[in-house]
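Source file upload_14.txt; content: compact mmCIF, C-alpha atoms and all ligand atoms.
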# COMPACT_ATOMS: atom_id res chain seq x y z
CA MET A 1 -0.74 6.06 -13.92
CA SER A 2 -3.92 4.36 -12.78
CA ASP A 3 -6.71 5.90 -10.77
CA ALA A 4 -7.89 2.56 -9.54
CA LEU A 5 -7.90 0.07 -6.79
CA ILE A 6 -5.77 -2.83 -7.99
CA SER A 7 -5.34 -6.53 -7.22
CA VAL A 8 -2.23 -8.10 -5.71
CA GLU A 9 -1.32 -9.47 -9.17
CA GLN A 10 -1.57 -6.01 -10.73
CA GLY A 11 0.45 -4.65 -7.81
CA VAL A 12 3.25 -7.08 -8.63
CA GLU A 13 3.23 -5.87 -12.25
CA TYR A 14 3.41 -2.21 -11.24
CA LEU A 15 6.28 -2.92 -8.86
CA ASN A 16 8.19 -4.90 -11.50
CA GLN A 17 7.83 -1.99 -13.92
CA ASP A 18 9.47 0.54 -11.58
CA GLY A 19 6.11 1.71 -10.23
CA VAL A 20 5.06 2.72 -6.71
CA ILE A 21 1.79 1.50 -5.22
CA GLY A 22 -0.29 1.92 -2.08
CA MET A 23 0.10 -1.17 0.12
CA PRO A 24 -2.08 -1.96 3.13
CA THR A 25 -0.31 -2.78 6.38
CA GLU A 26 -1.68 -3.30 9.87
CA THR A 27 -0.25 0.06 11.01
CA VAL A 28 -0.94 2.51 8.15
CA TYR A 29 -0.89 2.27 4.34
CA GLY A 30 2.58 2.39 2.78
CA LEU A 31 3.84 3.79 -0.52
CA ALA A 32 5.80 0.79 -1.74
CA ALA A 33 8.60 0.19 -4.25
CA ARG A 34 11.10 -2.63 -4.83
CA ILE A 35 14.37 -1.92 -3.02
CA ASP A 36 16.41 -2.94 -6.09
CA ARG A 37 14.79 -0.31 -8.39
CA PRO A 38 16.46 3.09 -7.83
CA LEU A 39 14.02 4.84 -10.17
CA ALA A 40 11.06 3.59 -8.18
CA ILE A 41 12.73 4.54 -4.90
CA GLN A 42 13.21 8.06 -6.24
CA LYS A 43 9.53 8.12 -7.16
CA ILE A 44 8.62 7.48 -3.52
CA PHE A 45 10.42 10.66 -2.49
CA THR A 46 9.03 12.78 -5.32
CA THR A 47 5.46 11.47 -4.92
CA LYS A 48 5.52 12.20 -1.19
CA GLU A 49 7.48 15.44 -1.60
CA ARG A 50 9.71 13.96 1.06
CA PRO A 51 13.22 15.33 1.64
CA PHE A 52 16.01 12.85 0.88
CA PHE A 53 17.41 13.12 4.43
CA ASP A 54 14.52 11.09 5.85
CA PRO A 55 15.21 7.33 5.42
CA LEU A 56 12.68 4.69 4.35
CA ILE A 57 11.72 1.49 6.15
CA VAL A 58 12.37 -1.74 4.26
CA HIS A 59 9.57 -4.30 4.55
CA VAL A 60 10.27 -8.02 4.37
CA SER A 61 8.13 -11.14 4.20
CA SER A 62 10.63 -13.49 5.90
CA LYS A 63 13.33 -13.39 8.53
CA SER A 64 15.93 -14.60 6.02
CA GLN A 65 15.17 -11.56 3.82
CA ALA A 66 15.76 -9.34 6.86
CA GLN A 67 19.05 -11.05 7.70
CA LYS A 68 20.39 -10.30 4.21
CA LEU A 69 19.78 -6.56 4.65
CA THR A 70 22.05 -6.18 7.69
CA THR A 71 25.61 -6.98 8.74
CA ASP A 72 24.58 -7.24 12.39
CA TRP A 73 21.74 -9.71 12.89
CA ASN A 74 22.51 -9.93 16.61
CA SER A 75 20.90 -11.95 19.41
CA ALA A 76 18.47 -9.13 20.27
CA ALA A 77 17.33 -8.79 16.66
CA GLU A 78 16.71 -12.54 16.54
CA VAL A 79 14.73 -12.60 19.79
CA LEU A 80 12.69 -9.47 18.99
CA ALA A 81 11.89 -10.68 15.47
CA ASN A 82 10.68 -14.00 16.90
CA ALA A 83 8.55 -12.21 19.49
CA PHE A 84 7.06 -9.34 17.46
CA TRP A 85 7.21 -10.20 13.74
CA PRO A 86 5.13 -10.12 11.73
CA GLY A 87 3.97 -6.96 13.49
CA PRO A 88 4.43 -3.25 14.20
CA LEU A 89 8.12 -3.23 15.20
CA THR A 90 10.83 -1.68 13.00
CA MET A 91 14.41 -2.50 13.94
CA VAL A 92 17.19 -0.18 12.79
CA LEU A 93 20.35 -2.25 12.27
CA SER A 94 23.67 -1.68 10.52
CA LYS A 95 23.06 -1.98 6.81
CA ALA A 96 24.47 -4.41 4.27
CA SER A 97 26.44 -2.73 1.48
CA HIS A 98 23.94 -3.66 -1.27
CA VAL A 99 21.14 -1.60 0.32
CA ASP A 100 20.78 1.58 -1.78
CA PRO A 101 21.94 4.65 0.22
CA LEU A 102 18.93 6.51 -1.20
CA ILE A 103 16.75 4.26 0.96
CA THR A 104 18.81 4.89 4.09
CA SER A 105 19.54 8.58 3.38
CA GLY A 106 23.24 7.80 3.41
CA LEU A 107 23.11 6.38 6.96
CA GLN A 108 25.05 3.23 7.84
CA SER A 109 21.84 1.71 9.22
CA VAL A 110 18.62 0.36 7.72
CA GLY A 111 15.13 0.18 9.25
CA ILE A 112 13.55 -3.27 8.76
CA ARG A 113 10.06 -4.52 9.55
CA MET A 114 7.86 -7.50 8.70
CA PRO A 115 4.26 -6.25 8.53
CA ARG A 116 1.50 -8.63 9.54
CA HIS A 117 -1.19 -7.63 7.06
CA PRO A 118 -1.88 -10.74 4.92
CA ILE A 119 -2.05 -8.67 1.71
CA ALA A 120 1.33 -7.04 2.36
CA LEU A 121 2.84 -10.46 3.05
CA ALA A 122 1.23 -12.00 -0.06
CA LEU A 123 2.42 -9.08 -2.22
CA MET A 124 6.00 -9.31 -0.98
CA THR A 125 6.08 -13.08 -1.34
CA ALA A 126 4.86 -12.76 -4.94
CA VAL A 127 7.38 -10.00 -5.78
CA ASN A 128 10.14 -11.93 -4.00
CA CYS A 129 11.96 -8.73 -3.11
CA PRO A 130 11.83 -6.50 -0.01
CA LEU A 131 9.78 -3.32 -0.44
CA ALA A 132 10.74 0.13 0.79
CA ALA A 133 7.63 1.91 2.04
CA PRO A 134 7.06 5.08 4.01
CA SER A 135 3.53 5.97 5.05
CA ALA A 136 1.50 6.88 1.94
CA ASN A 137 0.88 10.56 2.70
CA LEU A 138 2.45 13.84 1.63
CA PHE A 139 5.45 14.75 3.77
CA GLY A 140 4.42 16.07 7.16
CA ARG A 141 0.74 15.22 6.80
CA THR A 142 -1.74 12.77 8.34
CA SER A 143 -0.99 9.10 7.63
CA PRO A 144 -3.55 7.00 5.70
CA THR A 145 -5.42 4.12 7.34
CA GLN A 146 -7.77 3.36 4.42
CA ALA A 147 -7.25 2.85 0.68
CA VAL A 148 -9.43 5.87 -0.11
CA HIS A 149 -7.13 8.10 1.97
CA VAL A 150 -4.24 7.17 -0.33
CA LEU A 151 -6.27 7.70 -3.51
CA ARG A 152 -7.30 11.18 -2.34
CA GLU A 153 -3.88 12.16 -0.99
CA PHE A 154 -2.27 11.68 -4.42
CA GLN A 155 -5.30 12.66 -6.53
CA ASN A 156 -5.79 9.11 -7.84
CA LYS A 157 -2.31 9.05 -9.35
CA VAL A 158 -1.11 6.17 -7.19
CA PRO A 159 -2.77 2.73 -7.60
CA VAL A 160 -3.71 1.11 -4.31
CA ILE A 161 -4.45 -2.40 -3.09
CA ASP A 162 -7.44 -2.16 -0.74
CA GLY A 163 -6.83 -4.13 2.44
CA GLY A 164 -9.57 -2.52 4.53
CA PRO A 165 -8.99 -0.16 7.46
CA SER A 166 -5.61 -0.57 9.19
CA ASP A 167 -6.01 -2.46 12.42
CA VAL A 168 -3.34 -0.76 14.57
CA GLY A 169 -3.80 2.74 13.12
CA ILE A 170 -0.49 4.36 14.12
CA GLU A 171 2.95 3.65 12.69
CA SER A 172 5.31 0.98 13.95
CA THR A 173 7.59 1.37 16.95
CA VAL A 174 11.07 2.24 15.62
CA LEU A 175 13.91 0.79 17.69
CA HIS A 176 17.62 1.32 17.06
CA VAL A 177 19.47 -1.90 17.97
CA GLN A 178 23.25 -1.93 18.17
CA GLU A 179 25.75 -4.49 19.43
CA SER A 180 28.46 -2.97 21.63
CA ALA A 181 31.10 -4.06 24.15
CA GLN A 182 28.64 -3.35 27.01
CA GLY A 183 25.89 -5.46 25.42
CA ILE A 184 23.03 -4.54 23.16
CA GLN A 185 22.29 -0.79 23.04
CA LEU A 186 18.67 0.14 22.37
CA SER A 187 17.24 3.57 21.50
CA LEU A 188 13.55 4.18 20.95
CA LEU A 189 13.39 6.39 17.84
CA ARG A 190 9.58 6.43 17.56
CA PRO A 191 7.02 5.16 20.09
CA GLY A 192 4.30 2.89 18.71
CA PHE A 193 1.97 0.00 19.42
CA ILE A 194 4.77 -2.12 20.93
CA SER A 195 6.08 -0.43 24.07
CA ILE A 196 9.68 -0.27 25.24
CA ASP A 197 8.57 -2.15 28.39
CA GLU A 198 7.32 -5.09 26.31
CA ILE A 199 10.59 -5.08 24.37
CA ALA A 200 12.65 -5.03 27.57
CA GLN A 201 10.58 -7.85 29.05
CA VAL A 202 11.14 -10.12 26.06
CA LEU A 203 14.90 -9.51 26.14
CA GLN A 204 15.03 -10.19 29.88
CA GLU A 205 13.06 -13.41 29.49
CA ASN A 206 15.58 -14.51 26.87
CA LYS A 207 18.55 -13.45 29.05
CA ILE A 208 19.91 -10.96 26.50
CA PRO A 209 21.91 -8.22 28.29
CA PHE A 210 20.91 -4.75 27.04
CA LEU A 211 21.01 -1.04 27.80
CA ILE A 212 18.37 1.52 26.88
CA SER A 213 19.71 4.97 25.91
CA GLU A 214 17.31 7.60 27.18
CA VAL A 215 18.72 10.36 24.99
CA VAL A 216 18.30 9.78 21.28
CA GLN A 217 21.09 11.33 19.23
CA LYS A 218 19.77 13.43 16.37
CA SER A 219 22.22 11.68 14.02
CA LEU A 220 20.49 8.33 14.73
CA ALA A 221 17.05 9.67 13.91
CA PRO A 222 17.11 12.25 11.12
CA GLY A 223 13.36 11.81 10.55
CA GLN A 224 12.27 13.25 13.91
CA MET A 225 10.59 16.48 12.91
CA LYS A 226 8.83 18.78 15.37
CA HIS A 227 5.74 18.82 13.15
CA HIS A 228 4.30 15.81 11.37
CA TYR A 229 0.97 14.06 10.72
CA MET A 230 -0.72 17.46 10.26
CA PRO A 231 -4.38 17.49 9.16
CA ASP A 232 -5.77 19.86 6.49
CA ILE A 233 -7.07 22.36 9.05
CA PRO A 234 -5.09 23.52 12.11
CA LEU A 235 -5.28 21.40 15.23
CA PHE A 236 -4.90 23.00 18.66
CA TRP A 237 -3.92 20.87 21.64
CA VAL A 238 -5.35 22.22 24.90
CA GLU A 239 -3.94 21.08 28.23
CA ASN A 240 -5.90 23.40 30.54
CA ASP A 241 -9.47 22.12 30.97
CA GLN A 242 -10.62 25.45 32.45
CA LEU A 243 -10.37 27.29 29.13
CA SER A 244 -13.55 27.89 27.14
CA ASN A 245 -13.49 27.60 23.34
CA GLU A 246 -13.68 31.42 23.10
CA GLN A 247 -10.68 31.86 25.40
CA ILE A 248 -8.77 29.24 23.41
CA LEU A 249 -9.32 31.12 20.17
CA ILE A 250 -8.12 34.42 21.66
CA ILE A 251 -4.85 32.77 22.76
CA VAL A 252 -4.56 30.98 19.41
CA GLN A 253 -4.90 34.21 17.41
CA GLN A 254 -2.12 35.81 19.47
CA GLN A 255 0.25 32.86 19.27
CA LEU A 256 -0.28 32.07 15.59
CA LYS A 257 1.22 35.44 14.66
CA ASP A 258 4.61 34.19 15.84
CA LEU A 259 4.39 30.82 14.11
CA PRO A 260 6.68 30.38 11.09
CA SER A 261 5.15 29.13 7.85
CA GLU A 262 7.58 26.20 7.71
CA VAL A 263 9.46 24.19 10.34
CA GLU A 264 12.18 21.69 9.31
CA GLY A 265 10.75 21.49 5.80
CA VAL A 266 7.17 20.82 6.98
CA LYS A 267 4.75 23.52 5.75
CA LEU A 268 2.40 24.71 8.49
CA ARG A 269 -0.27 26.14 6.12
CA LYS A 270 -0.47 29.22 8.29
CA PRO A 271 -4.07 30.36 8.35
CA HIS A 272 -4.81 34.04 7.86
CA GLN A 273 -8.51 34.05 8.64
CA THR A 274 -9.98 34.33 12.09
CA PHE A 275 -11.32 31.05 13.37
CA GLU A 276 -15.04 30.62 13.70
CA LYS A 277 -16.17 27.02 13.56
CA SER A 278 -14.44 24.45 15.71
CA ALA A 279 -14.59 20.68 15.56
CA GLU A 280 -13.60 18.73 18.66
CA LEU A 281 -11.42 15.64 18.51
CA ILE A 282 -12.75 13.18 21.07
CA LEU A 283 -10.80 9.94 21.33
CA PRO A 284 -12.21 6.66 22.63
CA ASN A 285 -11.00 5.81 26.15
CA ASP A 286 -9.58 2.48 25.02
CA PRO A 287 -6.12 3.36 23.63
CA ALA A 288 -6.14 0.53 21.05
CA LEU A 289 -9.39 1.94 19.66
CA ALA A 290 -8.06 5.50 19.89
CA ALA A 291 -4.96 4.54 17.86
CA ARG A 292 -7.09 2.79 15.25
CA ARG A 293 -9.41 5.78 14.83
CA LEU A 294 -6.94 8.67 15.26
CA TYR A 295 -5.94 9.43 11.66
CA SER A 296 -9.43 8.74 10.23
CA LEU A 297 -10.93 11.13 12.78
CA LEU A 298 -8.43 13.87 11.89
CA ARG A 299 -9.37 13.46 8.21
CA GLU A 300 -13.12 13.34 8.90
CA LEU A 301 -13.04 16.43 11.13
CA SER A 302 -11.10 18.33 8.44
CA GLN A 303 -14.02 17.75 6.08
CA THR A 304 -16.88 18.88 8.31
CA GLY A 305 -16.71 22.53 7.26
CA ALA A 306 -14.97 23.43 10.53
CA ASP A 307 -11.95 25.72 10.22
CA HIS A 308 -9.96 24.24 13.12
CA ILE A 309 -9.88 21.22 15.44
CA ILE A 310 -9.55 21.37 19.22
CA TYR A 311 -8.18 18.42 21.19
CA ARG A 312 -8.61 18.68 24.96
CA HIS A 313 -6.07 16.39 26.55
CA HIS A 314 -7.23 14.45 29.61
CA SER A 315 -4.62 13.23 32.07
CA SER A 316 -6.28 9.78 32.13
CA GLN A 317 -5.11 9.39 28.52
CA THR A 318 -1.43 8.93 29.37
CA GLY A 319 1.16 6.12 29.49
CA GLY A 320 1.42 2.83 27.60
CA LEU A 321 -0.01 2.98 24.08
CA TRP A 322 -1.17 6.57 24.77
CA ASP A 323 2.49 7.66 24.48
CA GLY A 324 2.54 6.71 20.79
CA ILE A 325 -0.85 8.34 20.18
CA LEU A 326 0.06 11.56 21.99
CA ASP A 327 3.42 11.74 20.21
CA ARG A 328 1.49 11.83 16.89
CA LEU A 329 -1.12 14.29 18.17
CA LYS A 330 1.40 16.73 19.58
CA LYS A 331 3.34 16.80 16.31
CA ALA A 332 0.09 17.15 14.36
CA SER A 333 -0.82 20.25 16.40
CA HIS A 334 -0.18 23.78 15.17
CA LEU A 335 -0.11 24.95 18.77
CA VAL A 336 -0.02 23.35 22.21
CA LEU A 337 -1.78 25.51 24.83
CA SER A 338 -0.89 24.62 28.40
O1 LIG A 401 4.25 1.44 10.43
C1 LIG A 401 5.14 1.93 9.75
O2 LIG A 401 6.31 1.99 10.12
C2 LIG A 401 4.73 2.48 8.35
C3 LIG A 401 4.24 1.32 7.51
C4 LIG A 401 3.97 1.71 6.09
O3 LIG A 401 5.15 0.27 7.58
N1 LIG A 401 5.83 3.16 7.74
C5 LIG A 401 6.26 4.38 8.17
O4 LIG A 401 7.28 4.93 7.41
O5 LIG A 401 5.79 4.95 9.11
P1 LIG A 401 7.70 6.46 7.51
O6 LIG A 401 8.73 6.65 6.45
O7 LIG A 401 6.52 7.31 7.47
O8 LIG A 401 8.44 6.55 8.88
C6 LIG A 401 9.63 5.85 9.07
C7 LIG A 401 10.42 6.41 10.20
C8 LIG A 401 10.96 7.77 9.86
O9 LIG A 401 10.86 8.62 10.98
C9 LIG A 401 12.40 7.48 9.52
O10 LIG A 401 13.22 8.59 9.76
C10 LIG A 401 12.72 6.30 10.45
O11 LIG A 401 11.54 5.55 10.46
N2 LIG A 401 13.80 5.49 9.90
C11 LIG A 401 13.79 4.68 8.82
N3 LIG A 401 15.01 4.16 8.59
C12 LIG A 401 15.82 4.66 9.54
C13 LIG A 401 17.22 4.53 9.83
N4 LIG A 401 18.03 3.79 9.10
N5 LIG A 401 17.71 5.21 10.90
C14 LIG A 401 16.89 5.99 11.65
N6 LIG A 401 15.58 6.16 11.43
C15 LIG A 401 15.04 5.52 10.39
MG MG A 402 5.18 8.85 7.80
Whole structure, structure tokens version:
Amino acid sequence: MSDALISVEQGVEYLNQDGVIGMPTETVYGLAARIDRPLAIQKIFTTKERPFFDPLIVHVSSKSQAQKLTTDWNSAAEVLANAFWPGPLTMVLSKASHVDPLITSGLQSVGIRMPRHPIALALMTAVNCPLAAPSANLFGRTSPTQAVHVLREFQNKVPVIDGGPSDVGIESTVLHVQESAQGIQLSLLRPGFISIDEIAQVLQENKIPFLISEVVQKSLAPGQMKHHYMPDIPLFWVENDQLSNEQILIIVQQQLKDLPSEVEGVKLRKPHQTFEKSAELILPNDPALAARRLYSLLRELSQTGADHIIYRHHSSQTGGLWDGILDRLKKASHLVLS
């Protein structure tokens, strides 16, 4: 395959020939394939080294495309699509029978989202077929927010359409939406740029009765791994602001001994050396900016020659959009020191 940045027209050709390509979206770059090409869908999993139990999100360029993917386009789906699409909200709805079970990992539901990046929309309109796309990174590792991240991640083996840096910077909010006798049941499967409070507000304004389940059943969200988004060098999350870097490293060396080399299929790249050179992850105070910069910073810090990254969590960085950012950071961490 190509080692190049490609145009939208070339992207269409690749997709029509059972290829997978890097597609810019406003959240992160996706690794895209047509949903009606089983070979290409398989290539997504093999390219990412992703286990087949973790389902893919289907991207659409119109609401009517979304409606055809589900048997339950209910009142909440309609209202939320009108309010937040195109944009960083994925709705998990019961799937139509024609959706390939490889995409949904055999689940009866399908995740659907309409991205708002103009290139993604133009690509999908030209292909005239929804595109399955997970984030374009190896399984368990940091998501890409620039075309060059995708090229490097797959050693130039995946052609990419360059759409500039992703504006949002963290993945979409994933919301399970189900019609039931008590009204619409909602479960937040992954926090993101759109908060559950904003979602609730829109439903209330539109007089749609709903319930939010606080406990997410594991069977609803098979893709919730303990570790994810991990950078190339270990990241240590530090809660206690009294600890010096030297004290942190002493605790780290003790705790790392007990860390397994793999958790739920995600390799932890257990380091054997003693740590010497630290890089510090400092996030902007504005959470929108912090989300936009997060993954790029993790990649940049991994390439500074440091052998580990320290993130000192400040209590002011909590709530709202911070929840989505901290969810990523905690999973990206080898260890959390409190
Ligand atoms: O912003 C995003 O959502 C990006 C861009 C490319 O659109 N995509 C993305 O895909 O983050 P991925 O595969 O890295 O994460 C999708 C998440 C996974 O945790 C997966 O388990 C969950 O969504 N998911 C997808 N379909 C699902 C389903 N039917 N039921 C439950 N969870 C689902
Ligand atoms: Mg991902």
Nearest-residue call for Met124 in chain A, choices A:Glu9, A:Asp241, A:Glu300, A:Asp286, using only C-alpha atoms =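 Checking each candidate against Met124 in chain A, we get A:Glu9 as the closest.
Across the model, the gap from CA of Ile325 in chain A to CA of Ala66 in chain A is 27.7 Å.
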request  = Name each residue within 12 Å of ligand MG 402 (chain A), counting all atoms listed in the file, as a PyMOL selection string.
outcome  = chain A and resi 27-31+44-45+48-50+54-57+133-145+170-172+174+190+223-225+227-230+295+328+331-332
ask   = Quick one: of A:Ala120, A:Leu235, A:Leu131, A:Ala76, who's nearest to Arg34 in chain A, counting only C-alpha atoms?
value = A:Leu131
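Atom pair CA of Gln317 in chain A / atom O6 of ligand LIG 401 (chain A) has a distance of 26.2 Å (rounded to one decimal).
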inquiry  = So that I can see what lies close to Gln254 in chain A, please list as a list in words the residues with an atom at most 12 Å from it, counting only C-alpha atoms and leaving out residues fewer than 5 positions away in the same chain.
reply    = Gln247, Ile248, Leu249, Leu259, Thr274, Leu335 and Leu337 of chain A
request  = Would you mind listing what lies within 9 Å of Pro24 in chain A as a PyMOL selection string, with all atoms listed in the file counted and same-chain residues fewer than 2 positions away left out?
outcome  = chain A and resi 22+26-30+117-120+145-147+160-166
ask   = Please, what distance in Å, to one decimal, runs between CA of Thr125 in chain A and atom N6 of ligand LIG 401 (chain A)?
value = 25.0 Å
query = Which one is closest to ligand LIG 401 (chain A): A:Asp167, A:Asp36, A:Glu153, A:Glu13? Count only C-alpha atoms and all ligand atoms.
reply = A:Asp167
query = Could you pull the residues within 8 Å of range 77-80 of chain A, counting all atoms listed in the file, minus those fewer than 4 positions along the same chain, as a list in words?
reply =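 What passes the distance filter is Trp73, Phe84, Trp85, Met91, Val177, Ile199, Val202, Leu203 and Asn206 of chain A.
Distances here use only C-alpha atoms and all ligand atoms; by that measure, the residue among A:Ala200, A:Ala96, A:Ala306, A:Leu89 closest to ligand LIG 401 (chain A) is A:Leu89.
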request  = Mind checking which residues fall within 7 Å of Gly19 in chain A, counting only C-alpha atoms, ignoring those fewer than 4 positions away in the same chain, and posting them as a PyMOL selection string?
outcome  = chain A and resi 14-15+33+40
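With distances restricted to all atoms listed in the file, A:Lys277 is the closest residue to Ser302 in chain A from A:Met114, A:Gly320, A:Lys277, A:Leu283.
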